[in-house]
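final.txt follows (compact mmCIF, C-alpha atoms):
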```txt
# COMPACT_ATOMS: atom_id res chain seq x y z
CA MET S 29 0.00 0.00 0.00
CA VAL S 30 1.21 3.50 -0.80
CA GLY S 31 0.25 4.84 2.63
CA ASP S 32 2.38 2.23 4.34
CA SER S 33 5.47 3.00 2.30
CA ILE S 34 5.23 6.72 3.10
CA PHE S 35 4.95 5.91 6.77
CA VAL S 36 7.93 3.56 6.83
CA ALA S 37 10.20 6.15 5.29
CA MET S 38 9.18 8.99 7.60
CA SER S 39 11.93 10.66 9.62
CA VAL S 40 11.52 11.76 13.23
CA LEU S 41 11.77 15.40 12.14
CA LEU S 42 9.00 15.14 9.55
CA PHE S 43 6.80 13.15 11.92
CA THR S 44 7.30 15.76 14.65
CA ILE S 45 6.39 18.64 12.33
CA ILE S 46 3.21 16.95 11.03
CA VAL S 47 2.02 16.01 14.51
CA LEU S 48 2.90 19.48 15.82
CA VAL S 49 0.75 21.19 13.20
CA GLY S 50 -2.09 18.70 13.66
CA ALA S 51 -1.96 19.05 17.45
CA PHE S 52 -1.97 22.84 17.19
CA LEU S 53 -5.16 22.71 15.07
CA ALA S 54 -6.67 20.14 17.43
CA GLY S 55 -6.03 22.38 20.43
CA LEU S 56 -7.31 25.48 18.64
CA VAL S 57 -10.54 23.94 17.34
CA GLY S 58 -10.93 21.90 20.52
CA SER S 59 -11.00 24.93 22.77
CA LEU S 60 -13.22 26.89 20.35
CA THR S 61 -15.87 24.19 20.03
CA GLY S 62 -15.56 22.59 23.45
CA LEU S 63 -14.68 19.24 21.95
CA GLY S 64 -11.47 17.75 23.33
CA GLY S 65 -8.28 17.49 21.29
CA GLY S 66 -8.39 13.69 21.19
CA VAL S 67 -11.13 13.74 18.59
CA ILE S 68 -8.55 14.99 16.06
CA ILE S 69 -5.35 13.53 17.49
CA ILE S 70 -6.41 9.86 17.35
CA PRO S 71 -7.58 9.84 13.69
CA LEU S 72 -4.53 11.91 12.68
CA LEU S 73 -2.10 9.47 14.27
CA THR S 74 -3.84 6.22 13.33
CA LEU S 75 -5.43 6.93 9.93
CA GLY S 76 -2.95 9.58 8.81
CA LEU S 77 0.39 8.36 10.13
CA GLY S 78 -0.12 4.64 10.73
CA VAL S 79 0.57 4.85 14.46
CA ASP S 80 -0.71 1.95 16.60
CA ILE S 81 -3.96 2.96 18.31
CA HIS S 82 -2.51 2.26 21.78
CA TYR S 83 0.14 4.94 21.25
CA ALA S 84 -2.51 7.25 19.82
CA ILE S 85 -4.66 6.80 22.95
CA GLY S 86 -1.68 7.70 25.16
CA ALA S 87 -0.98 10.83 23.11
CA SER S 88 -4.64 11.76 23.11
CA ILE S 89 -5.01 11.65 26.90
CA ILE S 90 -2.10 14.11 27.11
CA SER S 91 -3.94 16.40 24.69
CA VAL S 92 -7.08 16.17 26.86
CA ILE S 93 -5.16 17.37 29.93
CA ALA S 94 -3.50 20.08 27.86
CA THR S 95 -6.81 21.36 26.43
CA SER S 96 -8.48 21.24 29.83
CA SER S 97 -5.69 23.13 31.59
CA GLY S 98 -4.89 25.43 28.66
CA SER S 99 -8.44 26.65 28.12
CA ALA S 100 -9.28 26.89 31.83
CA ALA S 101 -8.05 30.49 31.93
CA ALA S 102 -10.90 31.53 29.61
CA TYR S 103 -13.43 29.37 31.42
CA VAL S 104 -12.60 30.98 34.75
CA LYS S 105 -13.72 34.28 33.22
CA GLU S 106 -16.82 32.84 31.55
CA GLY S 107 -18.46 30.89 34.31
CA ILE S 108 -18.23 29.58 37.80
CA THR S 109 -16.90 26.13 38.59
CA ASN S 110 -18.85 24.32 41.28
CA ILE S 111 -15.88 22.59 42.87
CA ARG S 112 -18.15 20.45 45.07
CA ILE S 113 -20.08 19.03 42.11
CA GLY S 114 -16.77 18.45 40.32
CA MET S 115 -15.10 16.76 43.26
CA PHE S 116 -18.14 14.63 44.05
CA LEU S 117 -18.47 13.35 40.49
CA GLU S 118 -14.72 12.83 40.16
CA VAL S 119 -15.05 9.93 42.59
CA ALA S 120 -17.02 8.19 39.82
CA THR S 121 -14.92 9.37 36.86
CA THR S 122 -11.48 8.63 38.32
CA ILE S 123 -12.36 5.07 39.42
CA SER S 124 -14.00 4.27 36.08
CA ALA S 125 -11.25 5.97 34.05
CA ILE S 126 -8.65 3.75 35.70
CA ILE S 127 -10.77 0.67 35.03
CA GLY S 128 -11.16 1.72 31.38
CA ALA S 129 -7.43 2.38 31.05
CA ILE S 130 -6.60 -1.06 32.47
CA VAL S 131 -9.07 -2.89 30.25
CA THR S 132 -8.21 -1.08 27.00
CA VAL S 133 -5.14 -3.14 26.02
CA TYR S 134 -7.11 -6.37 26.25
CA ILE S 135 -9.61 -5.19 23.65
CA ASN S 136 -9.04 -5.79 19.96
CA PRO S 137 -7.83 -2.48 18.40
CA SER S 138 -10.50 -2.84 15.70
CA TYR S 139 -13.25 -2.75 18.33
CA ILE S 140 -11.64 0.29 19.96
CA ALA S 141 -11.68 2.06 16.59
CA VAL S 142 -15.38 1.26 16.14
CA ILE S 143 -16.31 2.41 19.69
CA PHE S 144 -14.27 5.55 19.11
CA GLY S 145 -16.08 6.24 15.82
CA LEU S 146 -19.49 5.82 17.48
CA ILE S 147 -18.56 8.20 20.31
CA LEU S 148 -17.34 10.68 17.66
CA LEU S 149 -20.69 10.54 15.85
CA PHE S 150 -22.49 11.07 19.13
CA SER S 151 -20.22 14.01 20.05
CA ALA S 152 -20.79 15.63 16.65
CA ALA S 153 -24.56 15.37 17.11
CA MET S 154 -24.35 16.78 20.62
CA MET S 155 -22.25 19.69 19.42
CA VAL S 156 -24.76 21.06 16.89
CA ARG S 157 -27.86 20.20 18.90
CA LYS S 158 -29.66 23.16 20.42
CA LYS S 159 -28.90 23.24 24.11
CA VAL S 160 -31.80 23.69 26.49
CA ASP S 161 -31.15 24.92 29.99
CA HIS S 162 -33.21 22.75 32.35
CA SER S 163 -31.98 24.37 35.54
CA ASP S 164 -34.33 25.53 38.30
CA ASN S 165 -34.21 26.12 42.02
CA ASP S 166 -36.30 23.23 43.35
CA THR S 167 -34.10 22.13 46.24
CA SER S 168 -36.14 19.08 47.22
CA GLY S 169 -33.45 16.55 46.28
CA LYS S 170 -32.14 15.06 49.54
CA LEU S 171 -28.78 13.86 48.21
CA ALA S 172 -28.05 17.20 46.57
CA VAL S 173 -28.69 18.92 49.90
CA PHE S 174 -26.61 16.39 51.84
CA PHE S 175 -23.64 16.75 49.48
CA LYS S 176 -24.11 20.55 49.31
CA LEU S 177 -24.25 20.50 45.51
CA ASN S 178 -26.79 23.29 45.10
CA GLY S 179 -25.13 26.61 44.37
CA THR S 180 -25.26 30.10 42.95
CA TYR S 181 -23.79 31.89 39.98
CA PRO S 182 -23.57 35.55 39.00
CA THR S 183 -25.84 36.93 36.25
CA GLU S 184 -26.52 40.42 34.99
CA ASN S 185 -29.50 40.57 37.36
CA GLY S 186 -27.54 39.55 40.43
CA VAL S 187 -26.70 36.19 41.96
CA LYS S 188 -28.91 33.33 40.77
CA LYS S 189 -29.52 30.14 42.74
CA TYR S 190 -29.77 26.69 41.19
CA ALA S 191 -30.56 23.21 42.47
CA VAL S 192 -29.05 19.90 41.40
CA HIS S 193 -31.34 16.97 40.52
CA ASN S 194 -31.03 13.20 40.19
CA VAL S 195 -27.63 12.89 41.86
CA ILE S 196 -27.51 9.08 41.56
CA GLY S 197 -28.37 9.16 37.85
CA GLY S 198 -25.70 11.78 37.20
CA PHE S 199 -23.15 9.82 39.20
CA LEU S 200 -23.85 6.64 37.20
CA MET S 201 -23.65 8.51 33.89
CA MET S 202 -20.30 9.93 34.99
CA PHE S 203 -19.15 6.38 35.64
CA VAL S 204 -19.93 5.56 32.00
CA ALA S 205 -18.20 8.75 30.84
CA GLY S 206 -15.10 7.90 32.87
CA THR S 207 -14.94 4.36 31.49
CA ILE S 208 -15.13 5.61 27.90
CA SER S 209 -12.51 8.24 28.73
CA GLY S 210 -10.14 5.59 30.06
CA LEU S 211 -10.82 3.15 27.21
CA LEU S 212 -10.29 5.64 24.39
CA GLY S 213 -8.10 8.33 25.89
CA ILE S 214 -10.64 11.06 25.25
CA GLY S 215 -12.32 13.58 27.55
CA SER S 216 -15.85 12.28 26.79
CA GLY S 217 -17.17 15.80 27.19
CA ALA S 218 -20.39 14.91 25.33
CA LEU S 219 -21.29 12.26 27.91
CA LYS S 220 -20.46 14.62 30.75
CA VAL S 221 -22.82 17.17 29.23
CA ILE S 222 -25.62 14.56 29.25
CA ALA S 223 -24.93 13.82 32.90
CA MET S 224 -24.73 17.44 34.04
CA ASP S 225 -27.12 19.37 31.76
CA ASN S 226 -29.81 16.77 31.14
CA ILE S 227 -29.79 14.42 34.14
CA MET S 228 -28.63 16.70 36.95
CA ARG S 229 -30.04 19.84 35.30
CA ILE S 230 -27.12 22.11 36.15
CA PRO S 231 -27.06 25.53 34.37
CA PHE S 232 -24.60 25.86 31.43
CA LYS S 233 -22.56 28.58 33.10
CA VAL S 234 -21.70 26.08 35.78
CA SER S 235 -21.65 22.77 33.89
CA THR S 236 -19.21 23.82 31.13
CA THR S 237 -16.51 24.98 33.51
CA THR S 238 -17.10 22.20 36.01
CA SER S 239 -16.89 19.60 33.24
CA ASN S 240 -13.61 21.14 32.09
CA PHE S 241 -12.26 20.96 35.64
CA MET S 242 -13.22 17.29 35.88
CA MET S 243 -11.84 16.46 32.44
CA GLY S 244 -8.26 17.19 33.50
CA VAL S 245 -8.48 15.26 36.75
CA THR S 246 -10.14 12.24 35.09
CA ALA S 247 -7.57 12.23 32.31
CA ALA S 248 -4.72 12.45 34.82
CA ALA S 249 -5.94 9.26 36.50
CA SER S 250 -5.91 7.21 33.30
CA ALA S 251 -2.77 8.98 31.96
CA ILE S 252 -0.76 7.52 34.83
CA VAL S 253 -1.93 4.02 33.92
CA TYR S 254 -1.02 4.62 30.26
CA LEU S 255 2.38 5.99 31.25
CA HIS S 256 3.20 2.86 33.24
CA ARG S 257 2.24 0.72 30.31
CA GLY S 258 4.51 2.63 27.92
CA GLN S 259 1.61 4.02 25.89
CA ILE S 260 2.91 7.56 26.33
CA ASP S 261 5.90 7.76 24.01
CA PRO S 262 8.11 10.87 24.32
CA GLY S 263 8.50 11.15 20.54
CA ILE S 264 4.71 11.53 20.12
CA ALA S 265 3.98 13.26 23.43
CA MET S 266 6.40 16.11 22.65
CA PRO S 267 4.73 17.55 19.53
CA VAL S 268 1.27 16.78 20.93
CA THR S 269 1.87 18.62 24.23
CA VAL S 270 3.49 21.69 22.64
CA GLY S 271 1.01 21.87 19.75
CA VAL S 272 -2.18 21.37 21.75
CA LEU S 273 -1.14 23.76 24.52
CA LEU S 274 -0.32 26.53 22.04
CA GLY S 275 -3.54 25.90 20.10
CA ALA S 276 -5.75 25.75 23.20
CA THR S 277 -4.24 28.91 24.68
CA ILE S 278 -4.71 30.89 21.47
CA GLY S 279 -8.18 29.36 21.00
CA SER S 280 -9.28 30.40 24.47
CA LYS S 281 -8.20 33.98 23.74
CA ILE S 282 -10.28 34.04 20.52
CA LEU S 283 -13.20 32.30 22.25
CA VAL S 284 -13.92 35.25 24.50
CA LYS S 285 -14.43 37.52 21.48
CA THR S 286 -16.16 35.39 18.83
CA LYS S 287 -19.34 33.42 18.24
CA THR S 288 -18.57 29.82 17.35
CA ASP S 289 -21.91 28.53 16.02
CA LYS S 290 -20.84 28.22 12.38
CA LEU S 291 -17.50 26.75 13.30
CA LYS S 292 -19.29 24.09 15.32
CA VAL S 293 -21.33 23.00 12.28
CA VAL S 294 -18.22 22.81 10.09
CA PHE S 295 -16.36 20.91 12.78
CA ALA S 296 -19.30 18.54 13.28
CA ILE S 297 -19.12 17.61 9.58
CA VAL S 298 -15.36 16.99 9.80
CA VAL S 299 -15.83 14.89 12.93
CA THR S 300 -18.61 12.86 11.28
CA PHE S 301 -16.29 12.14 8.35
CA LEU S 302 -13.48 11.06 10.71
CA ALA S 303 -15.95 8.90 12.64
CA ILE S 304 -17.04 7.03 9.52
CA GLN S 305 -13.38 6.52 8.56
CA MET S 306 -12.57 5.11 11.98
CA ILE S 307 -15.58 2.78 11.96
CA TYR S 308 -14.86 1.63 8.41
CA ASN S 309 -11.19 0.96 9.13
CA GLY S 310 -12.09 -0.75 12.37
CA LEU S 311 -14.65 -3.04 10.75
CA SER S 312 -12.31 -3.92 7.89
CA GLY S 313 -9.60 -4.75 10.42
CA ARG S 314 -7.07 -2.19 9.23
CA LEU S 315 -6.55 -0.53 12.57
CA MET G 18 -28.21 36.26 51.92
CA ILE G 19 -25.14 38.02 53.28
CA LYS G 20 -23.49 34.73 54.11
CA GLU G 21 -24.08 33.44 50.59
CA SER G 22 -22.57 36.41 48.83
CA LYS G 23 -19.57 36.14 51.13
CA ASN G 24 -19.11 32.51 50.13
CA PHE G 25 -19.43 33.49 46.53
CA PHE G 26 -16.55 35.94 46.76
CA ALA G 27 -14.41 33.43 48.62
CA ASP G 28 -15.03 31.01 45.75
CA LYS G 29 -14.08 33.73 43.30
CA ASP G 30 -10.71 34.22 45.06
CA ILE G 31 -10.08 30.51 44.92
CA GLN G 32 -10.84 30.51 41.19
CA VAL G 33 -8.25 33.22 40.60
CA ILE G 34 -5.59 31.32 42.53
CA LEU G 35 -6.57 28.12 40.71
CA GLY G 36 -6.24 29.90 37.38
CA THR G 37 -2.71 30.99 38.29
CA LEU G 38 -1.84 27.48 39.44
CA LEU G 39 -3.00 26.05 36.12
CA ARG G 40 -1.07 28.62 34.14
CA VAL G 41 2.14 27.93 36.07
CA GLY G 42 1.68 24.18 35.56
CA VAL G 43 0.97 24.52 31.86
CA ILE G 44 3.81 26.94 31.12
CA SER G 45 6.43 25.03 33.07
CA SER G 46 5.35 21.74 31.51
CA MET G 47 5.47 23.18 28.01
CA THR G 48 8.90 24.73 28.60
CA VAL G 49 10.34 21.45 29.87
CA VAL G 50 8.81 19.44 27.01
CA PHE G 51 10.10 21.99 24.50
CA ILE G 52 13.68 21.87 25.84
CA GLY G 53 13.58 18.07 25.98
CA GLY G 54 12.15 18.06 22.48
CA LEU G 55 15.05 20.12 21.11
CA ILE G 56 17.61 17.76 22.66
CA TYR G 57 15.64 14.73 21.44
CA LEU G 58 15.37 16.14 17.90
CA PHE G 59 19.06 17.08 17.83
CA PHE G 60 20.09 13.46 18.36
CA ASN G 61 17.24 11.68 16.60
CA TYR G 62 15.93 13.91 13.82
CA ALA G 63 17.15 11.70 10.98
CA ASN G 64 16.01 8.42 12.53
CA VAL G 65 12.99 6.67 11.08
CA VAL G 66 9.83 6.61 13.20
CA ASP G 67 8.42 3.25 14.13
CA TYR G 68 5.07 3.37 15.90
CA GLY G 69 3.31 0.82 13.72
CA LYS G 70 3.09 -1.82 16.44
CA PHE G 71 2.61 -1.10 20.13
CA ASP G 72 5.53 -2.31 22.25
CA SER G 73 5.20 -1.52 25.95
CA GLY G 74 8.93 -1.69 26.64
CA LYS G 75 10.12 0.42 23.71
CA SER G 76 10.66 3.84 25.27
CA GLY G 77 12.01 2.45 28.54
CA LEU G 78 10.50 5.47 30.28
CA ALA G 79 7.37 3.89 31.66
CA SER G 80 7.76 4.76 35.34
CA VAL G 81 8.46 7.83 37.43
CA GLY G 82 11.70 6.20 38.64
CA ALA G 83 12.94 5.51 35.11
CA ILE G 84 12.16 9.10 34.06
CA PHE G 85 14.17 10.59 36.95
CA GLU G 86 17.00 8.17 36.19
CA GLY G 87 17.03 9.45 32.60
CA LEU G 88 17.02 13.08 33.74
CA LYS G 89 20.45 12.61 35.32
CA THR G 90 22.01 12.02 31.91
CA MET G 91 20.04 14.90 30.31
CA ASP G 92 18.37 12.41 27.99
CA GLY G 93 15.97 14.34 25.72
CA ALA G 94 13.25 11.69 25.82
CA ALA G 95 13.38 11.57 29.63
CA ILE G 96 13.11 15.37 29.84
CA ILE G 97 10.03 15.23 27.57
CA GLN G 98 8.48 12.58 29.81
CA PHE G 99 9.24 14.70 32.86
CA GLY G 100 7.41 17.63 31.24
CA THR G 101 4.51 15.27 30.48
CA LEU G 102 4.47 14.29 34.16
CA LEU G 103 4.26 17.97 35.11
CA LEU G 104 1.26 18.31 32.80
CA ILE G 105 -0.40 15.20 34.26
CA PHE G 106 0.09 16.48 37.80
CA THR G 107 -1.27 19.97 37.08
CA PRO G 108 -4.93 18.92 37.50
CA VAL G 109 -3.92 16.72 40.43
CA ALA G 110 -2.41 19.81 42.11
CA ARG G 111 -5.77 21.45 41.52
CA VAL G 112 -7.42 18.69 43.57
CA VAL G 113 -4.85 19.05 46.36
CA PHE G 114 -5.50 22.79 46.41
CA SER G 115 -9.26 22.23 46.60
CA VAL G 116 -8.82 19.88 49.57
CA PHE G 117 -6.95 22.64 51.40
CA SER G 118 -9.63 25.19 50.60
CA PHE G 119 -12.29 22.78 51.94
CA LEU G 120 -10.18 22.38 55.07
CA ILE G 121 -10.11 26.16 55.55
CA GLU G 122 -13.88 26.26 55.09
CA ARG G 123 -14.15 23.41 57.67
CA ASP G 124 -16.15 21.37 55.19
CA TYR G 125 -14.90 17.99 56.38
CA LEU G 126 -17.27 15.97 54.20
CA TYR G 127 -15.54 17.44 51.14
CA VAL G 128 -12.08 17.12 52.64
CA LEU G 129 -12.91 13.42 52.81
CA ILE G 130 -14.28 13.27 49.25
CA GLY G 131 -11.25 15.18 47.93
CA LEU G 132 -8.86 12.84 49.73
CA MET G 133 -10.77 9.93 48.24
CA VAL G 134 -10.24 11.27 44.72
CA LEU G 135 -6.56 11.85 45.48
CA SER G 136 -6.06 8.33 46.82
CA ILE G 137 -7.74 6.87 43.72
CA ILE G 138 -5.29 8.81 41.52
CA LEU G 139 -2.32 7.88 43.71
CA TYR G 140 -3.41 4.25 43.62
CA SER G 141 -3.08 4.36 39.84
CA LEU G 142 0.60 5.25 40.41
CA SER G 143 1.25 1.69 41.58
CA ASP G 144 2.65 -0.51 38.84
CA LYS G 145 0.43 -3.41 39.81
CA LEU G 146 -2.48 -2.10 37.76
CA VAL G 147 -0.68 -2.69 34.48
CA GLY G 148 -0.66 -6.29 33.39
```

Once more with this new file: its structure as structure tokens, please.
Amino acid sequence: MVGDSIFVAMSVLLFTIIVLVGAFLAGLVGSLTGLGGGVIIIPLLTLGLGVDIHYAIGASIISVIATSSGSAAAYVKEGITNIRIGMFLEVATTISAIIGAIVTVYINPSYIAVIFGLILLFSAAMMVRKKVDHSDNDTSGKLAVFFKLNGTYPTENGVKKYAVHNVIGGFLMMFVAGTISGLLGIGSGALKVIAMDNIMRIPFKVSTTTSNFMMGVTAAASAIVYLHRGQIDPGIAMPVTVGVLLGATIGSKILVKTKTDKLKVVFAIVVTFLAIQMIYNGLSGRL
Amino acid sequence: MIKESKNFFADKDIQVILGTLLRVGVISSMTVVFIGGLIYLFFNYANVVDYGKFDSGKSGLASVGAIFEGLKTMDGAAIIQFGTLLLIFTPVARVVFSVFSFLIERDYLYVLIGLMVLSIILYSLSDKLVG
């Protein structure tokens, strides 16, 4: 195959430059659209450069931490993180992320590619879907009161209160999100949105930033497992870290000033295309 | 009402400190990775990449101990991995910081929950998890 021969002949320098550029774009678009960098990094490395998916997963988890930490500066300005909600749900996401990260090497890479493609399709749909804020201030949930999850956030008309609903449902959904995150090395932001916005009915201002806070911590848990297994290779991690961090930092500066609706639609189409590629290559056993 | 708005401002202060913490973590990690990357590229730029098949022992830098060992000889790859470790521990530092802020607020339930999250992460540091 032509693709294979190009890959075999590639020098470290060329590989570094290609991944650096790709990671920069991933970080930029990732922080603009709220979709993690892994969505671009994994297809780039596996489909584009013939890298084994286990290395790609290790590189991707690094990009998730980089996007989360790199774009946090902008998020701090935009909304208010509810550290209690984040910390409470992290119990679920860290345990499940570690489980996912342990299990992932025992799964056939083809299956991983297919699962990844399906999650990509789902994320693309979630990105363009109209978001509905379900939040209210009905503080009758006993668990939410016990764990002090209800909170306030500033609006133009003063401080607004909100209540958290269905704590158990949200916790379980976070367990699923964490497992997927550990299996695939992605942030699974789309699943976290389901848990926080739809099940727990947390207002956007709070859920976006809180989810970003959790993303980094969850990814750190599985990243350590990947590191021990040798899935984080310095030759790939270097361009990914530098590229994504630069991209995410610049992206978060643009984010404050621009509307990103159109960009989201364009990106959703790109992601859908990548998803189909991943599923196709997974099913035909090429990955 | 007064109590709530007070809490809100305390949270705001914490956010600012957290933001600084993140920035320091991110910048130092990127600097270290960049320096390591230059050294790594200087010695390896003409080599041919080989990531086609996953091999867990290939890099030889798969533990914190091995990374620090490599740092002594200024090995580029080890410096990159050290920078990666800094990046990984940036969100973990955020958790540690939150535990302290819960301690100051005397919210012992959340001190406990925070410590639980930390011990889960630290548990993943043990090599036993990787088969």

Exercise: segment 41-57 of chain G partners within 9 Å, only C-alpha atoms, chain neighbours under 5 positions left out, as a ChimeraX atom specification: /S:94,97-98,262-263,265-267,269-270,273-274 /G:36,62,91-104,106-108,110

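Here atom CA of Leu146 of chain S stands at a distance of 11.3 Å from atom CA of Ile208 of chain S.
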
Shortest interatomic distance to Ser80 of chain G - which of G:Leu129, G:Ile138, G:Val66, G:Ser143, counting all atoms listed in the file: G:Ser143

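Ranking S:Thr286, S:Asn110, S:Thr44, S:Ser91 by their shortest atom-to-atom distance to Phe241 of chain S, with all atoms listed in the file included, puts S:Asn110 first.
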
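Distance annotation: of G:Val116, G:Leu38, G:Ala63, G:Val81, the residue with the minimal separation from Met133 of chain G is G:Val116; atom set is all atoms listed in the file.
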
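Omitting Leu219 of chain S and its sequence neighbours fewer than 5 positions away, and counting only C-alpha atoms, the residues within 9 Å are Phe150, Ser151, Met201, Met202, Val204, Ala205 and Met224 of chain S.
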
Those residues with C-alpha atoms, as a PDB file, in the frame of the given file please?
```pdb
ATOM      1  CA  PHE S 150     -22.490  11.070  19.130  1.00  0.00           C
ATOM      2  CA  SER S 151     -20.220  14.010  20.050  1.00  0.00           C
ATOM      3  CA  MET S 201     -23.650   8.510  33.890  1.00  0.00           C
ATOM      4  CA  MET S 202     -20.300   9.930  34.990  1.00  0.00           C
ATOM      5  CA  VAL S 204     -19.930   5.560  32.000  1.00  0.00           C
ATOM      6  CA  ALA S 205     -18.200   8.750  30.840  1.00  0.00           C
ATOM      7  CA  MET S 224     -24.730  17.440  34.040  1.00  0.00           C
TER       8      MET S 224
END
```

Given all atoms listed in the file as the counted atoms, nearest of G:Val113, G:Arg123, G:Tyr140, G:Val134 to chain S: G:Val134

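With only the atoms specified (all atoms listed in the file) counting, those residues at most 7 Å away from (-24.9, 16.8, 38.5) are Ile113, Val192, His193, Val195, Gly198, Ala223, Met224, Ile227, Met228, Arg229 and Ile230 of chain S.
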
For atom CA of Lys292 of chain S and atom CA of Thr246 of chain S, the interatomic separation in Å (one decimal): 24.8 Å

Subset file: segment 185-197 of chain S, N, CA and C atoms, as a CSV table (one decimal), in the first residue's frame:
```csv
chain,number,residue,atom,x,y,z
S,185,ASN,N,-28.5,40.1,36.4
S,185,ASN,CA,-29.5,40.6,37.4
S,185,ASN,C,-29.2,40.1,38.8
S,186,GLY,N,-27.9,40.0,39.1
S,186,GLY,CA,-27.5,39.6,40.4
S,186,GLY,C,-27.3,38.1,40.5
S,187,VAL,N,-27.1,37.6,41.7
S,187,VAL,CA,-26.7,36.2,42.0
S,187,VAL,C,-27.9,35.3,41.8
S,188,LYS,N,-27.8,34.2,41.0
S,188,LYS,CA,-28.9,33.3,40.8
S,188,LYS,C,-28.6,32.0,41.4
S,189,LYS,N,-29.7,31.4,42.1
S,189,LYS,CA,-29.5,30.1,42.7
S,189,LYS,C,-29.9,29.0,41.8
S,190,TYR,N,-29.3,27.8,42.0
S,190,TYR,CA,-29.8,26.7,41.2
S,190,TYR,C,-29.7,25.4,42.1
S,191,ALA,N,-30.5,24.5,41.7
S,191,ALA,CA,-30.6,23.2,42.5
S,191,ALA,C,-30.1,22.1,41.6
S,192,VAL,N,-29.5,21.1,42.2
S,192,VAL,CA,-29.1,19.9,41.4
S,192,VAL,C,-30.0,18.7,41.6
S,193,HIS,N,-30.4,18.0,40.5
S,193,HIS,CA,-31.3,17.0,40.5
S,193,HIS,C,-30.7,15.6,40.2
S,194,ASN,N,-31.4,14.6,40.6
S,194,ASN,CA,-31.0,13.2,40.2
S,194,ASN,C,-29.5,12.9,40.3
S,195,VAL,N,-29.1,13.0,41.6
S,195,VAL,CA,-27.6,12.9,41.9
S,195,VAL,C,-27.1,11.5,41.5
S,196,ILE,N,-27.9,10.5,41.8
S,196,ILE,CA,-27.5,9.1,41.6
S,196,ILE,C,-27.4,8.8,40.0
S,197,GLY,N,-28.4,9.3,39.3
S,197,GLY,CA,-28.4,9.2,37.9
S,197,GLY,C,-27.2,9.8,37.2
```
